[in-house]
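Report on the structure given below.
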2 protein chains.
Amino acid sequence: MSYVRRQVERMSGYTPGEQPKVAGLIKLNTNENPYPPSPKALEALRGAIDGKLRLYPDPTSSGLRAKLGKKYGFDAEQIIIGNGGDDILNLCVRAFCGECEKLAYFWPSYSLYPVLANIQGATQVELPLNENFQIEVHPPLLEKLAGVKLVFITQPNAPSGVWLQRVELQRVIEETQGVVVIDEAYVDFASENCLDLVNEYDNVIIARTFSKAFSFAGMRVGWAVGPKELITALDKVKDSYNVSRLSQWGAEAALDDWDYFQQNIKRICATRAQTTDALAKLGFFVYPSQTNFIFAKPPAPLTAKQWFDGLRGKNILVRWWDTNRIRDFARVSIGTEEEMNKFLSATKEICEEAKR
Amino acid sequence: MSYVRRQVERMSGYTPGEQPKVAGLIKLNTNENPYPPSPKALEALRGAIDGKLRLYPDPTSSGLRAKLGKKYGFDAEQIIIGNGGDDILNLCVRAFCGECEKLAYFWPSYSLYPVLANIQGATQVELPLNENFQIEVHPPLLEKLAGVKLVFITQPNAPSGVWLQRVELQRVIEETQGVVVIDEAYVDFASENCLDLVNEYDNVIIARTFSKAFSFAGMRVGWAVGPKELITALDKVKDSYNVSRLSQWGAEAALDDWDYFQQNIKRICATRAQTTDALAKLGFFVYPSQTNFIFAKPPAPLTAKQWFDGLRGKNILVRWWDTNRIRDFARVSIGTEEEMNKFLSATKEICEEAKR
């Protein structure tokens, strides 16, 4: 007899992108921001390192919630702070979808969703995106949505990077009897967002993170906004002190330096455009990205796996999955201009070698 | 129809001790360490505040696990790091006890256990401690243990502060078909510990924290050690990046300053002895504490509630629960010598007022 719950015994955990400790490595595999966090935020953090760390943090991160509420136009009571965006996603599963109840997610998207469903013992419902990685609401999809308690939608989508059309996304919300979580982890790099849907529907939660656009992946701060009733449920299931004092403090300080945040985003979006153009010129197919990464398919005879391996041999790490529907692509995080130039030169070489 | 799972809708969340922002308050209500973290650890933290915070943390906190393993004599693979001790306890529920399965805990003890059971939808089994807050294995207890998947034991016990007799504790382990988690949150202030039981049994996990004896409640770092098979299951259900870069770094640095840690503990234990003696002289009944708090019952006609309220009126916060079996006591965290002198003077005054 095993001591472990059967579904946990059988499942594999989530596999995060590698974090190798190799000197000189160009790391374009986990969608981290290539630029440091706001210098003002770092300064504020240094100032917060004192004897007060002996005290528990504010259990509800009220200062940060107030700031986010003011910035984005919501009541602080509509906001919850998590230990990274993943904490938020996990809390949503725990509050809204029980064992053997249906948890749906579009596919391909963030591979954590099925893992969270497994841990909860929920029934997984995979909703296929169409050939352009867009939502398409049609009778078979509606059938799958019946009785679903929770739906995850990554907007913009990952790993494709595309913006999902609002009309179809709203149809999903309207056709779902359960809660729809719009995971906007990458939305700061997009030209739109879905925050307004929180006011329009009583079953929509938007999840956000400080990991990408705020350059704070190492600090673990995510948040969500939604109807007060749903946020209250999330509050009940979260760990009492789920966000450290420094993480709360650092996120507040990062929010205060809004200009830096905007400049950082602008720079990454510019590099994204340049990289996309350059790859297109090399014959790659690149989806129009609204994120800080691009999803690209190399020109024949080069395969995505060969491209991935070739880059790795040149000390450049991108992400490739040996998974249906996305096997022909690799996902490349946008690095600094310098890093992307090196990436492009390496890619060019690999393309030429493949043609020989 | 509600969007929220029925058991979450019906339950109340855990109520953490108050964290009021009142100047000059003597805060003896949440068992925080009255002394700051190691100055060397704070210095190390300041040095770690740089651009690298843009990167995700090590997902498995391998540096910290290696250090803990070396310090306490375990393989790093037997150790998992959590976002505070509460994260560890929650992961144990998720890995070992499913919806409608039995989760047992001794009572009175940490009031988070029933909340974690509620969130999971597990069936709560309350195992009463005897009148001395000790485990007593007898037929009715054995009956309750039948079929239990997970048992939580706080050692030393909270809120009583007493050390649970090993013989009885081991009988519980032997009579339980499921996993036994020994929650040693306060054990650094005790004269013994149960780490050796990890080697003796295949169903024992020990949970520890940096919040109390390491003065790092604000940093959120807990850990657990157990058989590799059980730790592997916990690894699967944890959030991928559950501990921030700074929290990992700070905990490592705190471990490196072992002398400071020992001095800190010694000082608190001395103050604990003095406070216990002084309260006994005032006619209080105080359980022999092996923790950084004491659990005391005031002499008639003073009630625990009156004592609690009286202290509050004098800007001293302790913890009192309006709960069966513990209503006649208040729990007092051990503060600095100066704080405890003020606490004792205030208590003396309250006793005298009550006699009038």
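As shown in the structure tokens, the chain order sets the letters A, B, ...; within each chain, residues go from 1, and ligands are also counted from 1 in the order they appear.
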
### Task
Considering only C-alpha atoms, return as a list of chain:residue names whatever protein or nucleic-acid residues lie within 10 Å of Gly283 of chain B, sequence-local ones (same chain, fewer than 5 positions apart) excluded.
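These residues fall inside the cut-off: B:Asp277, B:Ala278, B:Lys297, B:Pro298, B:Pro299, B:Ala300, B:Cys351.
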
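Any residue of chain B with an atom within 6 Å of chain A counts; using only C-alpha atoms, that gives Tyr3, Val4, Arg5, Gly13, Glu32, Pro36, Arg46, Gly51, Leu53, Arg54, Leu55, Tyr56, Pro57, Ala95, Phe96, Gly178, Ser215, Phe216, Ala217, Gly218, Met219, Arg220, Lys236, Ser244 and Arg245 of chain B.
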
Would you export the selected residues with N, CA, C and O atoms as a CSV table (one decimal), in the first residue's frame, please?
chain,number,residue,atom,x,y,z
B,3,TYR,N,-20.5,29.7,-7.6
B,3,TYR,CA,-19.3,29.3,-8.4
B,3,TYR,C,-18.3,28.6,-7.5
B,3,TYR,O,-17.4,28.0,-7.9
B,4,VAL,N,-18.6,28.7,-6.1
B,4,VAL,CA,-17.5,28.3,-5.2
B,4,VAL,C,-17.8,26.9,-4.7
B,4,VAL,O,-19.0,26.5,-4.5
B,5,ARG,N,-16.8,26.1,-4.5
B,5,ARG,CA,-17.0,24.7,-4.0
B,5,ARG,C,-17.7,24.8,-2.7
B,5,ARG,O,-17.5,25.6,-1.8
B,13,GLY,N,-12.0,30.8,6.8
B,13,GLY,CA,-10.6,30.7,6.6
B,13,GLY,C,-9.9,30.7,8.0
B,13,GLY,O,-10.5,30.9,9.0
B,32,GLU,N,6.3,35.5,17.4
B,32,GLU,CA,7.5,35.9,16.6
B,32,GLU,C,8.7,36.0,17.6
B,32,GLU,O,8.5,36.2,18.8
B,36,PRO,N,16.1,40.4,16.3
B,36,PRO,CA,16.2,40.5,14.8
B,36,PRO,C,16.9,39.2,14.3
B,36,PRO,O,17.6,38.5,15.0
B,46,ARG,N,21.2,41.9,1.8
B,46,ARG,CA,21.4,43.1,1.1
B,46,ARG,C,22.3,42.9,-0.1
B,46,ARG,O,22.0,43.5,-1.2
B,51,GLY,N,20.2,42.8,-10.0
B,51,GLY,CA,19.5,42.5,-11.2
B,51,GLY,C,19.0,41.0,-11.4
B,51,GLY,O,18.1,40.7,-12.1
B,53,LEU,N,17.3,39.3,-9.6
B,53,LEU,CA,15.9,39.1,-9.1
B,53,LEU,C,15.0,39.0,-10.3
B,53,LEU,O,13.8,38.6,-10.2
B,54,ARG,N,15.4,39.4,-11.5
B,54,ARG,CA,14.6,39.2,-12.7
B,54,ARG,C,14.5,37.7,-13.1
B,54,ARG,O,13.6,37.3,-13.8
B,55,LEU,N,15.4,36.9,-12.5
B,55,LEU,CA,15.4,35.5,-12.9
B,55,LEU,C,14.6,34.6,-11.9
B,55,LEU,O,14.5,35.0,-10.7
B,56,TYR,N,14.0,33.6,-12.4
B,56,TYR,CA,13.2,32.7,-11.5
B,56,TYR,C,14.2,32.1,-10.4
B,56,TYR,O,15.4,31.9,-10.7
B,57,PRO,N,13.7,31.8,-9.3
B,57,PRO,CA,14.5,31.1,-8.3
B,57,PRO,C,14.8,29.7,-8.6
B,57,PRO,O,14.1,29.1,-9.5
B,95,ALA,N,-0.9,15.8,-0.8
B,95,ALA,CA,-0.2,14.6,-1.3
B,95,ALA,C,-0.8,13.3,-0.7
B,95,ALA,O,-0.8,12.3,-1.3
B,96,PHE,N,-1.2,13.4,0.5
B,96,PHE,CA,-1.5,12.2,1.3
B,96,PHE,C,-3.0,12.0,1.6
B,96,PHE,O,-3.3,10.9,2.0
B,178,GLY,N,-1.6,5.6,7.8
B,178,GLY,CA,-1.2,6.7,6.9
B,178,GLY,C,0.1,7.4,7.4
B,178,GLY,O,0.9,6.8,8.1
B,215,SER,N,14.2,33.9,13.5
B,215,SER,CA,13.6,35.3,13.4
B,215,SER,C,13.3,35.7,12.0
B,215,SER,O,13.5,36.8,11.6
B,216,PHE,N,12.8,34.7,11.2
B,216,PHE,CA,12.6,35.0,9.8
B,216,PHE,C,11.1,34.8,9.4
B,216,PHE,O,10.8,34.4,8.2
B,217,ALA,N,10.2,35.1,10.3
B,217,ALA,CA,8.7,35.0,10.0
B,217,ALA,C,8.4,35.7,8.7
B,217,ALA,O,7.5,35.3,7.9
B,218,GLY,N,9.0,36.9,8.5
B,218,GLY,CA,8.7,37.8,7.4
B,218,GLY,C,9.2,37.2,6.0
B,218,GLY,O,8.8,37.7,5.0
B,219,MET,N,10.1,36.2,6.1
B,219,MET,CA,10.7,35.7,4.9
B,219,MET,C,10.0,34.5,4.3
B,219,MET,O,10.2,34.1,3.2
B,220,ARG,N,9.2,33.8,5.1
B,220,ARG,CA,8.4,32.6,4.7
B,220,ARG,C,9.3,31.5,4.1
B,220,ARG,O,9.4,31.2,2.9
B,236,LYS,N,6.0,16.9,-6.1
B,236,LYS,CA,5.1,16.9,-7.3
B,236,LYS,C,3.9,17.9,-7.1
B,236,LYS,O,3.4,18.5,-8.1
B,244,SER,N,11.0,32.3,-2.9
B,244,SER,CA,11.7,33.3,-3.6
B,244,SER,C,13.2,33.2,-3.5
B,244,SER,O,13.7,32.6,-2.6
B,245,ARG,N,13.9,33.9,-4.4
B,245,ARG,CA,15.4,33.9,-4.4
B,245,ARG,C,15.9,34.4,-3.1
B,245,ARG,O,16.8,33.9,-2.5

### Task
Per DSSP on the backbone, filter segment 141-341 of chain A down to the residues in strand (DSSP E or B) and report them as a PyMOL selection string.
chain A and resi 148-154+179-183+204-209+222-225+285-286+293-297+316-317+319+330-333

### Message
List as a PyMOL selection string the protein and nucleic acid residues near Trp307 of chain A, meaning an atom at most 12 Å away when only C-alpha atoms are counted, but skip any in the same chain fewer than 4 places from it.
### Response
chain A and resi 284+296-303+311-314+316-320+327-332+343-344+346-354

### Summary
Pairwise distance, atom CA of Pro108 of chain A with atom CA of Leu127 of chain A, equals 8.7 Å
